[in-house]
>>> print(open('target.tsv').read())   # TSV, C-alpha atoms
chain	number	residue	atom	x	y	z
A	1	MET	CA	162.43	53.87	65.55
A	2	ALA	CA	161.62	55.92	62.48
A	3	THR	CA	163.71	59.00	61.79
A	4	GLY	CA	162.05	62.15	63.05
A	5	GLN	CA	159.73	60.31	65.43
A	6	ARG	CA	159.17	62.46	68.47
A	7	ILE	CA	159.95	60.99	71.88
A	8	ASP	CA	158.27	62.80	74.75
A	9	PRO	CA	159.57	62.46	78.30
A	10	TYR	CA	157.39	60.66	80.81
A	11	ARG	CA	155.25	62.55	83.27
A	12	ASN	CA	155.90	62.11	86.96
A	13	PHE	CA	152.37	61.74	88.35
A	14	ARG	CA	151.73	58.02	87.73
A	15	PHE	CA	153.80	55.63	89.76
A	16	ARG	CA	153.65	52.58	92.01
A	17	VAL	CA	155.60	51.81	95.15
A	18	VAL	CA	156.23	48.13	95.89
A	19	ILE	CA	157.60	47.22	99.33
A	20	ASP	CA	158.24	43.58	100.29
A	21	GLY	CA	155.29	42.37	102.34
A	22	ILE	CA	153.53	45.74	102.57
A	23	GLN	CA	150.50	46.45	100.42
A	24	VAL	CA	149.89	50.21	100.44
A	25	ALA	CA	148.21	52.20	97.70
A	26	GLY	CA	147.77	55.86	96.96
A	27	PHE	CA	151.14	57.49	97.51
A	28	SER	CA	150.98	61.15	96.54
A	29	ASP	CA	154.77	61.63	96.50
A	30	ALA	CA	157.82	59.42	96.27
A	31	THR	CA	161.37	60.69	95.94
A	32	ILE	CA	163.85	58.80	93.82
A	33	PRO	CA	167.06	58.97	95.84
A	34	GLU	CA	170.22	60.36	94.36
A	35	SER	CA	173.54	58.58	94.35
A	36	SER	CA	176.94	60.24	94.54
A	37	THR	CA	180.50	59.03	94.75
A	38	ASP	CA	183.08	60.89	96.79
A	39	THR	CA	186.51	61.53	95.35
A	40	VAL	CA	189.95	61.89	96.80
A	41	ASP	CA	192.85	63.79	95.23
A	42	TYR	CA	195.93	61.67	94.58
A	43	ARG	CA	199.36	62.44	93.19
A	44	GLU	CA	202.51	60.37	93.02
A	45	GLY	CA	205.89	62.02	92.83
A	46	THR	CA	206.32	61.12	89.16
A	47	ASP	CA	202.88	62.37	88.09
A	48	PRO	CA	202.44	65.50	86.00
A	49	PRO	CA	201.89	68.69	88.01
A	50	TYR	CA	198.23	68.03	88.71
A	51	GLN	CA	196.26	65.71	90.95
A	52	ARG	CA	194.30	62.72	89.79
A	53	LYS	CA	190.81	62.06	91.14
A	54	LEU	CA	190.15	58.62	92.60
A	55	SER	CA	186.74	57.33	93.59
A	56	THR	CA	185.95	56.43	97.20
A	57	LEU	CA	182.61	55.80	98.88
A	58	THR	CA	179.29	55.86	97.06
A	59	LYS	CA	176.43	57.38	99.06
A	60	TYR	CA	172.69	57.22	98.51
A	61	GLY	CA	170.00	59.70	99.48
A	62	ASN	CA	166.87	58.70	101.34
A	63	VAL	CA	163.52	57.76	99.85
A	64	THR	CA	160.60	59.85	101.10
A	65	LEU	CA	157.07	58.49	100.68
A	66	LYS	CA	153.93	60.53	101.34
A	67	LYS	CA	150.31	59.42	101.32
A	68	GLY	CA	146.98	60.34	102.79
A	69	LEU	CA	146.41	58.82	106.21
A	70	THR	CA	143.99	55.86	106.19
A	71	ASP	CA	143.13	52.97	108.50
A	72	SER	CA	146.22	51.08	107.28
A	73	MET	CA	148.90	50.79	109.97
A	74	ASP	CA	151.45	49.05	107.71
A	75	LEU	CA	153.90	51.94	107.28
A	76	TYR	CA	153.66	52.98	110.93
A	77	ASN	CA	154.17	49.37	112.08
A	78	TRP	CA	157.24	49.04	109.87
A	79	ARG	CA	158.73	52.14	111.51
A	80	LYS	CA	157.68	50.92	114.98
A	81	GLN	CA	159.50	47.63	114.32
A	82	VAL	CA	162.73	49.61	113.81
A	83	GLU	CA	162.12	51.62	116.98
A	84	ASP	CA	161.49	48.51	119.07
A	85	LYS	CA	164.01	46.01	117.67
A	86	GLY	CA	166.41	47.90	115.40
A	87	ALA	CA	166.84	47.72	111.65
A	88	ALA	CA	168.22	44.17	111.43
A	89	GLY	CA	164.87	42.43	111.05
A	90	ALA	CA	163.10	45.33	109.36
A	91	ARG	CA	165.07	45.64	106.13
A	92	LYS	CA	163.03	45.25	102.95
A	93	ASN	CA	163.58	45.57	99.23
A	94	MET	CA	161.36	48.00	97.38
A	95	SER	CA	160.75	49.38	93.90
A	96	LEU	CA	159.61	52.72	92.54
A	97	ILE	CA	157.90	52.17	89.19
A	98	LEU	CA	156.97	54.88	86.69
A	99	ILE	CA	153.78	54.24	84.71
A	100	ASP	CA	153.03	55.87	81.36
A	101	GLU	CA	149.70	57.34	80.30
A	102	GLU	CA	148.63	53.97	78.85
A	103	GLY	CA	149.21	52.20	82.18
A	104	LYS	CA	152.43	50.42	81.18
A	105	ASP	CA	155.49	50.20	83.45
A	106	LYS	CA	158.19	52.31	81.81
A	107	ALA	CA	160.98	52.85	84.35
A	108	GLN	CA	161.85	51.07	87.56
A	109	TRP	CA	164.28	51.75	90.37
A	110	ASP	CA	165.01	48.84	92.73
A	111	ILE	CA	166.12	49.75	96.25
A	112	VAL	CA	167.79	47.19	98.51
A	113	GLU	CA	168.01	46.77	102.27
A	114	ALA	CA	165.60	49.63	102.96
A	115	TRP	CA	164.26	50.55	106.38
A	116	PRO	CA	162.37	53.57	107.76
A	117	ILE	CA	164.29	56.15	109.76
A	118	LYS	CA	161.49	58.67	110.28
A	119	TYR	CA	157.69	58.64	110.43
A	120	ASP	CA	155.94	62.01	110.34
A	121	PRO	CA	152.17	62.50	110.23
A	122	SER	CA	151.06	66.03	109.36
A	123	ASP	CA	149.60	68.27	112.06
A	124	PHE	CA	145.95	68.76	112.91
A	125	SER	CA	144.37	72.12	112.10
A	126	ALA	CA	140.79	73.09	112.91
A	127	LYS	CA	141.15	75.94	110.40
A	128	GLY	CA	141.96	73.78	107.39
A	129	ASN	CA	140.37	71.09	105.28
A	130	GLU	CA	143.49	69.42	103.86
A	131	VAL	CA	144.04	65.68	103.82
A	132	LEU	CA	146.10	64.39	106.75
A	133	VAL	CA	149.35	63.11	105.24
A	134	GLU	CA	151.80	60.59	106.66
A	135	SER	CA	155.40	60.77	105.53
A	136	LEU	CA	158.04	58.06	105.81
A	137	ASP	CA	161.79	58.63	105.28
A	138	ILE	CA	163.60	55.46	104.26
A	139	THR	CA	167.33	54.80	104.18
A	140	HIS	CA	168.83	51.97	102.13
A	141	GLU	CA	172.02	50.40	100.84
A	142	GLY	CA	171.67	50.91	97.12
A	143	ILE	CA	169.50	51.84	94.18
A	144	THR	CA	169.59	50.51	90.63
A	145	ARG	CA	167.54	51.60	87.65
A	146	VAL	CA	166.54	48.29	86.05
A	147	LYS	CA	164.18	49.56	83.38
>>> encode(input="target.tsv", output="structure tokens")
Amino acid sequence: MATGQRIDPYRNFRFRVVIDGIQVAGFSDATIPESSTDTVDYREGTDPPYQRKLSTLTKYGNVTLKKGLTDSMDLYNWRKQVEDKGAAGARKNMSLILIDEEGKDKAQWDIVEAWPIKYDPSDFSAKGNEVLVESLDITHEGITRVK
């Protein structure tokens, strides 16, 4: 990279969601889940007069996907599978992929062992003209930025 070349951050409005075995287009929103690691204070008798911090469990936030309601039943059926039979057979891997203004994949987060914990279609309103939106909250067992 040449010295002084400007690097602009990517915009957040172009992205793809890839879910094993589910072909769905047109998500209007997708959250990239956070990760955090809990700590525990630890001090041995011979330590200096302060506590050390040790790492414990790593936790991951949920993914939330939102899209306009269409004839596709794929997301609803995935959630229904969890309701009927539990998460064991419903776990899928998925990716959230950021696309630049030229249409190239620029960043990717891979999410493992994901399954839906909540399905929420928006409410009807005879007074409005908004698009009916379906929302899916997804829990998982880990996220890794691979690109």
>>> residues_around(input="target.tsv", residues="A:Gly68", least_positions_apart="5", cutoff="12 Å", atoms="only C-alpha atoms", output="ChimeraX atom specification")
/A:24-29,75,120-122,130-136
>>> residues_around(input="target.tsv", residues="stretch 103-109 of chain A", least_positions_apart="6", cutoff="8 Å", atoms="all atoms listed in the file", output="PyMOL selection string")
chain A and resi 32+95-97+143-147
>>> residues_around(input="target.tsv", residues="A:Phe13", least_positions_apart="6", cutoff="10 Å", atoms="all atoms listed in the file", output="list in words")
Ser28, Asp29, Ala30, Leu98, Ile99, Asp100 and Glu101 of chain A
>>> residues_near_point(input="target.tsv", point="(159.0, 47.8, 112.6)", cutoff="12 Å", atoms="all atoms listed in the file", output="list in words")
Ile22, Met73, Asp74, Leu75, Tyr76, Asn77, Trp78, Arg79, Lys80, Gln81, Val82, Glu83, Asp84, Lys85, Gly86, Ala87, Ala88, Gly89, Ala90, Arg91, Lys92, Ala114, Trp115, Pro116, Ile117, Lys118 and Tyr119 of chain A
>>> atom_distance(input="target.tsv", atom1="atom CA of A:Thr31", atom2="atom CA of A:Thr64")
5.3 Å
>>> atom_distance(input="target.tsv", atom1="atom CA of A:Glu102", atom2="atom CA of A:Ile7")
15.0 Å
>>> build_atoms(input="target.tsv", residues="stretch 58-86 of chain A", atoms="N, CA and C atoms", output="mmCIF file, in the coordinates of the input")
data_model
loop_
_atom_site.group_PDB
_atom_site.id
_atom_site.type_symbol
_atom_site.label_atom_id
_atom_site.label_comp_id
_atom_site.auth_asym_id
_atom_site.auth_seq_id
_atom_site.Cartn_x
_atom_site.Cartn_y
_atom_site.Cartn_z
ATOM 1 N N THR A 58 180.525 55.450 97.717
ATOM 2 C CA THR A 58 179.290 55.860 97.060
ATOM 3 C C THR A 58 178.225 55.997 98.128
ATOM 4 N N LYS A 59 177.486 57.098 98.074
ATOM 5 C CA LYS A 59 176.430 57.380 99.060
ATOM 6 C C LYS A 59 175.100 57.501 98.335
ATOM 7 N N TYR A 60 174.041 57.168 99.063
ATOM 8 C CA TYR A 60 172.690 57.220 98.510
ATOM 9 C C TYR A 60 171.815 58.101 99.387
ATOM 10 N N GLY A 61 170.971 58.899 98.741
ATOM 11 C CA GLY A 61 170.000 59.700 99.480
ATOM 12 C C GLY A 61 168.850 58.843 99.955
ATOM 13 N N ASN A 62 168.019 59.414 100.799
ATOM 14 C CA ASN A 62 166.870 58.700 101.340
ATOM 15 C C ASN A 62 165.684 58.746 100.380
ATOM 16 N N VAL A 63 164.811 57.775 100.524
ATOM 17 C CA VAL A 63 163.520 57.760 99.850
ATOM 18 C C VAL A 63 162.533 58.434 100.804
ATOM 19 N N THR A 64 161.673 59.295 100.292
ATOM 20 C CA THR A 64 160.600 59.850 101.100
ATOM 21 C C THR A 64 159.281 59.491 100.424
ATOM 22 N N LEU A 65 158.395 58.863 101.180
ATOM 23 C CA LEU A 65 157.070 58.490 100.680
ATOM 24 C C LEU A 65 156.030 59.295 101.436
ATOM 25 N N LYS A 66 155.023 59.786 100.715
ATOM 26 C CA LYS A 66 153.930 60.530 101.340
ATOM 27 C C LYS A 66 152.611 59.999 100.802
ATOM 28 N N LYS A 67 151.648 59.879 101.715
ATOM 29 C CA LYS A 67 150.310 59.420 101.320
ATOM 30 C C LYS A 67 149.300 59.927 102.326
ATOM 31 N N GLY A 68 148.053 59.976 101.884
ATOM 32 C CA GLY A 68 146.980 60.340 102.790
ATOM 33 C C GLY A 68 146.795 59.287 103.860
ATOM 34 N N LEU A 69 146.582 59.733 105.086
ATOM 35 C CA LEU A 69 146.410 58.820 106.210
ATOM 36 C C LEU A 69 145.098 58.050 106.069
ATOM 37 N N THR A 70 145.162 56.735 106.247
ATOM 38 C CA THR A 70 143.990 55.860 106.190
ATOM 39 C C THR A 70 144.012 54.951 107.412
ATOM 40 N N ASP A 71 143.163 53.941 107.408
ATOM 41 C CA ASP A 71 143.130 52.970 108.500
ATOM 42 C C ASP A 71 144.352 52.045 108.498
ATOM 43 N N SER A 72 145.072 51.979 107.377
ATOM 44 C CA SER A 72 146.220 51.080 107.280
ATOM 45 C C SER A 72 147.316 51.508 108.263
ATOM 46 N N MET A 73 147.823 50.559 109.003
ATOM 47 C CA MET A 73 148.900 50.790 109.970
ATOM 48 C C MET A 73 150.234 50.239 109.463
ATOM 49 N N ASP A 74 150.275 49.755 108.214
ATOM 50 C CA ASP A 74 151.450 49.050 107.710
ATOM 51 C C ASP A 74 152.731 49.889 107.767
ATOM 52 N N LEU A 75 152.693 51.112 107.281
ATOM 53 C CA LEU A 75 153.900 51.940 107.280
ATOM 54 C C LEU A 75 154.323 52.301 108.706
ATOM 55 N N TYR A 76 153.358 52.650 109.533
ATOM 56 C CA TYR A 76 153.660 52.980 110.930
ATOM 57 C C TYR A 76 154.257 51.759 111.642
ATOM 58 N N ASN A 77 153.671 50.583 111.427
ATOM 59 C CA ASN A 77 154.170 49.370 112.080
ATOM 60 C C ASN A 77 155.580 49.015 111.632
ATOM 61 N N TRP A 78 155.886 49.281 110.366
ATOM 62 C CA TRP A 78 157.240 49.040 109.870
ATOM 63 C C TRP A 78 158.222 49.947 110.621
ATOM 64 N N ARG A 79 157.876 51.206 110.755
ATOM 65 C CA ARG A 79 158.730 52.140 111.510
ATOM 66 C C ARG A 79 158.835 51.722 112.982
ATOM 67 N N LYS A 80 157.706 51.323 113.567
ATOM 68 C CA LYS A 80 157.680 50.920 114.980
ATOM 69 C C LYS A 80 158.573 49.695 115.207
ATOM 70 N N GLN A 81 158.627 48.801 114.236
ATOM 71 C CA GLN A 81 159.500 47.630 114.320
ATOM 72 C C GLN A 81 160.960 48.060 114.454
ATOM 73 N N VAL A 82 161.360 49.093 113.716
ATOM 74 C CA VAL A 82 162.730 49.610 113.810
ATOM 75 C C VAL A 82 162.962 50.239 115.179
ATOM 76 N N GLU A 83 161.983 50.999 115.666
ATOM 77 C CA GLU A 83 162.120 51.620 116.980
ATOM 78 C C GLU A 83 162.285 50.574 118.076
ATOM 79 N N ASP A 84 161.502 49.517 118.010
ATOM 80 C CA ASP A 84 161.490 48.510 119.070
ATOM 81 C C ASP A 84 162.646 47.525 119.012
ATOM 82 N N LYS A 85 163.042 47.102 117.792
ATOM 83 C CA LYS A 85 164.010 46.010 117.670
ATOM 84 C C LYS A 85 165.226 46.338 116.818
ATOM 85 N N GLY A 86 165.292 47.550 116.275
ATOM 86 C CA GLY A 86 166.410 47.900 115.400
ATOM 87 C C GLY A 86 166.128 47.530 113.955
#
